[in-house]
Amino acid sequence: MSGAPAPEGTTPTGGPTSTGGPTRTGGPSSDPVVSLRDVEVHRGDHLVWSRGSFDIAAGSVVGVIGPNGSGKSTLLRLLLGLLEPSAGRVEVFGEPARRGNRRIGYVPQDDTAAQPESIRCRDLVALGADGHRVGLGPFGAARREMAERVDAALAETASSAFAGRRLSEVSGGQRRRVSLAQALVDDPELLLLDEPLANLDLRHQRETVELIERVAHRPRADGRVTTTLIVTHDINPLLPVLTGAVYLLDGHPHHADIGDVVDEHLLSHLYGTSVAVVRTPQGDLFTRSV
């Protein structure tokens, strides 16, 4: 590997999870959607990370990786405007990051945990369409337009079949789809996913990765592209769809192409244990601890 440290790879796991090679059409554009310059973040008196300077181009699908406690979710909070940097500049779409940016869709790690179990999946998605307001909601043409957006988001995430069921009646994988539908209902240009594969079995992990890939490369009416950042504990299932990674190494975030990130030396340094990078005869790539 040459040049700056490549994006970090995957967390070492007990056994390998094979993934296929990338099957993306086109590539990210050169227009930066996310831009950090000399960013430093503290939590109280604790320095989370510093010297964060990188751009993420429109259309990228980027994994955010690093050891536990390294500040992966902190990056998402900065982009959402929920956290102010101690120093430096954070820009999204060429403007300072701010709260309530409807051009950003967000799926938190705790997913639907804060929602009442009695709420219907469709109603949960509708909360994303009306700005999470409580009350009767819109009327007339606005109500019809909102219903169409909700229907489209449910269809896009293959959630229509259980849209009328309550959260208590659906599986963890189905809840994840509903949360993604809620994030997509405003047709965001930047999609932030915090551990979308957590607590899912292998089949639901694969289905979720396939869904993320479809969403990342779906056509948009305005001709723009979707940019996706995914905080992940294990990069292996996501390797087929990632174009790059932000990796948190030695207290500093770095960004690089995914081809540079999947490097044994880098990953071993990142996780403090020996990591092997394996390519199967079929061309599938995965990492594992050794």
# chains A, B, ... in the order shown; residues from 1 in each chain; ligands from 1
$ select_by_dssp --residues "range 114-231 of chain A" --states "alpha helix (DSSP H)" --output "number ranges by chain"
A: 121-129, 140-156, 172-184, 202-216
$ residues_around --residues "Gly88 in chain A" --least-positions-apart "5" --cutoff "8 Å" --atoms "only C-alpha atoms" --output "list in words"
Leu36, Arg37, Asp38, Val39 and Glu40 of chain A
$ write_last_selection --atoms "N, CA, C and O atoms" --output "mmCIF file, in the first residue's frame"
data_model
loop_
_atom_site.group_PDB
_atom_site.id
_atom_site.type_symbol
_atom_site.label_atom_id
_atom_site.label_comp_id
_atom_site.auth_asym_id
_atom_site.auth_seq_id
_atom_site.Cartn_x
_atom_site.Cartn_y
_atom_site.Cartn_z
ATOM 1 N N LEU A 36 -14.588 18.071 5.852
ATOM 2 C CA LEU A 36 -14.042 18.377 7.173
ATOM 3 C C LEU A 36 -12.673 19.009 7.000
ATOM 4 O O LEU A 36 -11.870 18.545 6.173
ATOM 5 N N ARG A 37 -12.407 20.058 7.792
ATOM 6 C CA ARG A 37 -11.111 20.713 7.755
ATOM 7 C C ARG A 37 -10.617 20.933 9.178
ATOM 8 O O ARG A 37 -11.214 21.705 9.941
ATOM 9 N N ASP A 38 -9.542 20.224 9.530
ATOM 10 C CA ASP A 38 -8.872 20.385 10.824
ATOM 11 C C ASP A 38 -9.848 20.263 11.994
ATOM 12 O O ASP A 38 -9.795 21.024 12.963
ATOM 13 N N VAL A 39 -10.736 19.275 11.908
ATOM 14 C CA VAL A 39 -11.779 19.125 12.928
ATOM 15 C C VAL A 39 -11.232 18.399 14.148
ATOM 16 O O VAL A 39 -10.520 17.397 14.035
ATOM 17 N N GLU A 40 -11.596 18.919 15.302
ATOM 18 C CA GLU A 40 -11.234 18.326 16.594
ATOM 19 C C GLU A 40 -12.509 18.206 17.420
ATOM 20 O O GLU A 40 -13.341 19.108 17.427
#
$ closest_atom_pairs --of "range 201-245 of chain A" --to "range 281-285 of chain A" --cutoff "12 Å" --atoms "only C-alpha atoms" --output "tab-separated table"
residue	atom	partner	partner_atom	distance
A:Ile235	CA	A:Leu285	CA	10.7
A:Asn236	CA	A:Leu285	CA	8.0
A:Pro237	CA	A:Leu285	CA	9.9
A:Leu238	CA	A:Leu285	CA	10.6
A:Leu239	CA	A:Leu285	CA	7.5
A:Pro240	CA	A:Leu285	CA	8.5
A:Val241	CA	A:Leu285	CA	12.0
$ closest_residue --among "A:Ala198, A:Leu76, A:Val178, A:Val125" --to "Met146 in chain A" --atoms "only C-alpha atoms"
A:Val125
$ closest_atom_pairs --of "range 165-207 of chain A" --to "range 61-64 of chain A" --cutoff "10 Å" --atoms "only C-alpha atoms" --output "Markdown table"
| residue | atom | partner | partner_atom | distance |
| --- | --- | --- | --- | --- |
| A:Leu191 | CA | A:Val61 | CA | 9.4 |
| A:Leu192 | CA | A:Val62 | CA | 9.8 |
| A:Leu193 | CA | A:Gly63 | CA | 9.5 |
| A:Asp194 | CA | A:Val64 | CA | 9.0 |
| A:Glu195 | CA | A:Val64 | CA | 9.6 |
$ closest_residue --among "A:Gly69, A:Pro219, A:Gly94, A:Gly244" --to "Val34 in chain A" --atoms "only C-alpha atoms"
A:Gly94
$ residues_around --residues "Ser86 in chain A" --least-positions-apart "3" --cutoff "10 Å" --atoms "only C-alpha atoms" --output "compact mmCIF listing (two decimals) with C-alpha atoms, in the first residue's frame"
# COMPACT_ATOMS: atom_id res chain seq x y z
CA VAL A 39 -11.78 19.13 12.93
CA GLU A 40 -11.23 18.33 16.59
CA VAL A 41 -13.88 16.82 18.87
CA HIS A 42 -14.00 16.61 22.67
CA ARG A 43 -16.41 14.86 24.98
CA LEU A 47 -10.31 14.29 23.20
CA SER A 50 -8.43 15.46 16.05
CA LEU A 83 -22.48 18.04 18.01
CA ARG A 89 -14.99 23.27 10.11
$ select_by_dssp --residues "range 43-239 of chain A" --states "strand (DSSP E)" --output "VMD selection string"
chain A and resid 43 46 to 57 61 to 65 87 to 92 95 to 96 104 to 107 190 to 194 227 to 231
$ residues_around --residues "Ser118 in chain A" --least-positions-apart "2" --cutoff "7 Å" --atoms "only C-alpha atoms" --output "NGL selection string"
:A and (116 or 120 or 166-168)
$ write_last_selection --atoms "N, CA, C and O atoms" --output "mmCIF file, in the first residue's frame"
data_model
loop_
_atom_site.group_PDB
_atom_site.id
_atom_site.type_symbol
_atom_site.label_atom_id
_atom_site.label_comp_id
_atom_site.auth_asym_id
_atom_site.auth_seq_id
_atom_site.Cartn_x
_atom_site.Cartn_y
_atom_site.Cartn_z
ATOM 1 N N PRO A 116 -43.136 3.492 20.401
ATOM 2 C CA PRO A 116 -44.080 2.582 21.074
ATOM 3 C C PRO A 116 -44.306 1.324 20.250
ATOM 4 O O PRO A 116 -44.439 1.388 19.026
ATOM 5 N N ARG A 120 -48.092 1.386 14.221
ATOM 6 C CA ARG A 120 -48.022 0.638 12.965
ATOM 7 C C ARG A 120 -46.780 1.071 12.185
ATOM 8 O O ARG A 120 -46.335 2.215 12.261
ATOM 9 N N ARG A 166 -48.066 -3.837 13.583
ATOM 10 C CA ARG A 166 -47.458 -3.045 14.645
ATOM 11 C C ARG A 166 -46.000 -3.472 14.825
ATOM 12 O O ARG A 166 -45.609 -4.587 14.458
ATOM 13 N N LEU A 167 -45.201 -2.591 15.401
ATOM 14 C CA LEU A 167 -43.794 -2.905 15.617
ATOM 15 C C LEU A 167 -43.625 -4.188 16.416
ATOM 16 O O LEU A 167 -42.689 -4.953 16.192
ATOM 17 N N SER A 168 -44.517 -4.411 17.366
ATOM 18 C CA SER A 168 -44.420 -5.605 18.203
ATOM 19 C C SER A 168 -44.643 -6.889 17.417
ATOM 20 O O SER A 168 -44.349 -7.978 17.910
#
$ closest_residue --among "A:Val48, A:Leu75, A:Ala152, A:Val33" --to "Val92 in chain A" --atoms "only C-alpha atoms"
A:Val33
$ closest_residue --among "A:Val170, A:Leu127, A:Ile65, A:Ala163" --to "Leu249 in chain A" --atoms "only C-alpha atoms"
A:Ile65
$ closest_residue --among "A:Asp55, A:Glu264, A:Asp186, A:Glu213" --to "Thr287 in chain A" --atoms "only C-alpha atoms"
A:Glu264
$ residues_around --residues "range 174-176 of chain A" --least-positions-apart "2" --cutoff "9 Å" --atoms "only C-alpha atoms" --output "list of chain:residue names"
A:Val107, A:Asp111, A:Thr112, A:Cys121, A:Ser159, A:Phe162, A:Leu167, A:Val170, A:Ser171, A:Gly172, A:Val178, A:Ser179, A:Leu180, A:Ala181, A:Pro196, A:Leu197, A:His204, A:Thr208
$ write_last_selection --atoms "N, CA, C and O atoms" --output "mmCIF file, in the first residue's frame"
data_model
loop_
_atom_site.group_PDB
_atom_site.id
_atom_site.type_symbol
_atom_site.label_atom_id
_atom_site.label_comp_id
_atom_site.auth_asym_id
_atom_site.auth_seq_id
_atom_site.Cartn_x
_atom_site.Cartn_y
_atom_site.Cartn_z
ATOM 1 N N VAL A 107 -30.565 6.804 10.165
ATOM 2 C CA VAL A 107 -31.069 5.636 10.880
ATOM 3 C C VAL A 107 -30.131 5.376 12.054
ATOM 4 O O VAL A 107 -28.998 4.941 11.868
ATOM 5 N N ASP A 111 -32.357 2.181 16.335
ATOM 6 C CA ASP A 111 -33.434 1.897 15.404
ATOM 7 C C ASP A 111 -34.783 2.367 15.930
ATOM 8 O O ASP A 111 -34.965 3.538 16.226
ATOM 9 N N THR A 112 -35.718 1.451 16.120
ATOM 10 C CA THR A 112 -37.075 1.785 16.555
ATOM 11 C C THR A 112 -37.264 1.616 18.052
ATOM 12 O O THR A 112 -38.393 1.617 18.537
ATOM 13 N N CYS A 121 -46.243 0.128 11.420
ATOM 14 C CA CYS A 121 -45.042 0.422 10.641
ATOM 15 C C CYS A 121 -45.279 1.589 9.690
ATOM 16 O O CYS A 121 -44.424 2.469 9.547
ATOM 17 N N SER A 159 -41.145 -3.131 2.281
ATOM 18 C CA SER A 159 -41.841 -3.164 3.566
ATOM 19 C C SER A 159 -43.352 -3.070 3.415
ATOM 20 O O SER A 159 -44.074 -3.088 4.423
ATOM 21 N N PHE A 162 -45.926 -5.667 5.207
ATOM 22 C CA PHE A 162 -46.187 -5.642 6.652
ATOM 23 C C PHE A 162 -46.379 -4.212 7.168
ATOM 24 O O PHE A 162 -46.285 -3.951 8.363
ATOM 25 N N LEU A 167 -45.201 -2.591 15.401
ATOM 26 C CA LEU A 167 -43.794 -2.905 15.617
ATOM 27 C C LEU A 167 -43.625 -4.188 16.416
ATOM 28 O O LEU A 167 -42.689 -4.953 16.192
ATOM 29 N N VAL A 170 -43.442 -7.465 14.163
ATOM 30 C CA VAL A 170 -42.501 -7.685 13.071
ATOM 31 C C VAL A 170 -41.128 -8.061 13.621
ATOM 32 O O VAL A 170 -40.809 -7.807 14.779
ATOM 33 N N SER A 171 -40.319 -8.635 12.751
ATOM 34 C CA SER A 171 -38.991 -9.107 13.142
ATOM 35 C C SER A 171 -37.990 -7.956 13.191
ATOM 36 O O SER A 171 -38.266 -6.834 12.746
ATOM 37 N N GLY A 172 -36.794 -8.262 13.717
ATOM 38 C CA GLY A 172 -35.737 -7.258 13.772
ATOM 39 C C GLY A 172 -35.344 -6.775 12.389
ATOM 40 O O GLY A 172 -35.112 -5.574 12.178
ATOM 41 N N VAL A 178 -38.171 -0.781 8.043
ATOM 42 C CA VAL A 178 -39.097 0.309 8.322
ATOM 43 C C VAL A 178 -38.323 1.566 8.717
ATOM 44 O O VAL A 178 -38.656 2.682 8.287
ATOM 45 N N SER A 179 -37.275 1.409 9.515
ATOM 46 C CA SER A 179 -36.456 2.558 9.901
ATOM 47 C C SER A 179 -35.798 3.188 8.674
ATOM 48 O O SER A 179 -35.705 4.417 8.570
ATOM 49 N N LEU A 180 -35.337 2.350 7.758
ATOM 50 C CA LEU A 180 -34.734 2.877 6.540
ATOM 51 C C LEU A 180 -35.785 3.581 5.686
ATOM 52 O O LEU A 180 -35.515 4.646 5.108
ATOM 53 N N ALA A 181 -36.999 3.009 5.627
ATOM 54 C CA ALA A 181 -38.086 3.667 4.888
ATOM 55 C C ALA A 181 -38.383 5.041 5.474
ATOM 56 O O ALA A 181 -38.616 6.014 4.741
ATOM 57 N N PRO A 196 -26.228 -0.587 10.764
ATOM 58 C CA PRO A 196 -27.469 -1.152 10.224
ATOM 59 C C PRO A 196 -27.519 -2.679 10.230
ATOM 60 O O PRO A 196 -28.598 -3.252 10.072
ATOM 61 N N LEU A 197 -26.366 -3.337 10.416
ATOM 62 C CA LEU A 197 -26.343 -4.802 10.413
ATOM 63 C C LEU A 197 -26.296 -5.396 11.820
ATOM 64 O O LEU A 197 -26.277 -6.615 11.968
ATOM 65 N N HIS A 204 -30.467 -11.911 7.035
ATOM 66 C CA HIS A 204 -30.970 -10.547 7.092
ATOM 67 C C HIS A 204 -29.844 -9.528 6.867
ATOM 68 O O HIS A 204 -30.090 -8.431 6.356
ATOM 69 N N THR A 208 -30.135 -6.814 3.943
ATOM 70 C CA THR A 208 -29.979 -5.400 4.266
ATOM 71 C C THR A 208 -28.903 -4.760 3.403
ATOM 72 O O THR A 208 -29.056 -3.623 2.931
#
$ closest_residue --among "A:Arg99, A:His252, A:Arg144, A:Arg177" --to "Ala161 in chain A" --atoms "only C-alpha atoms"
A:Arg177
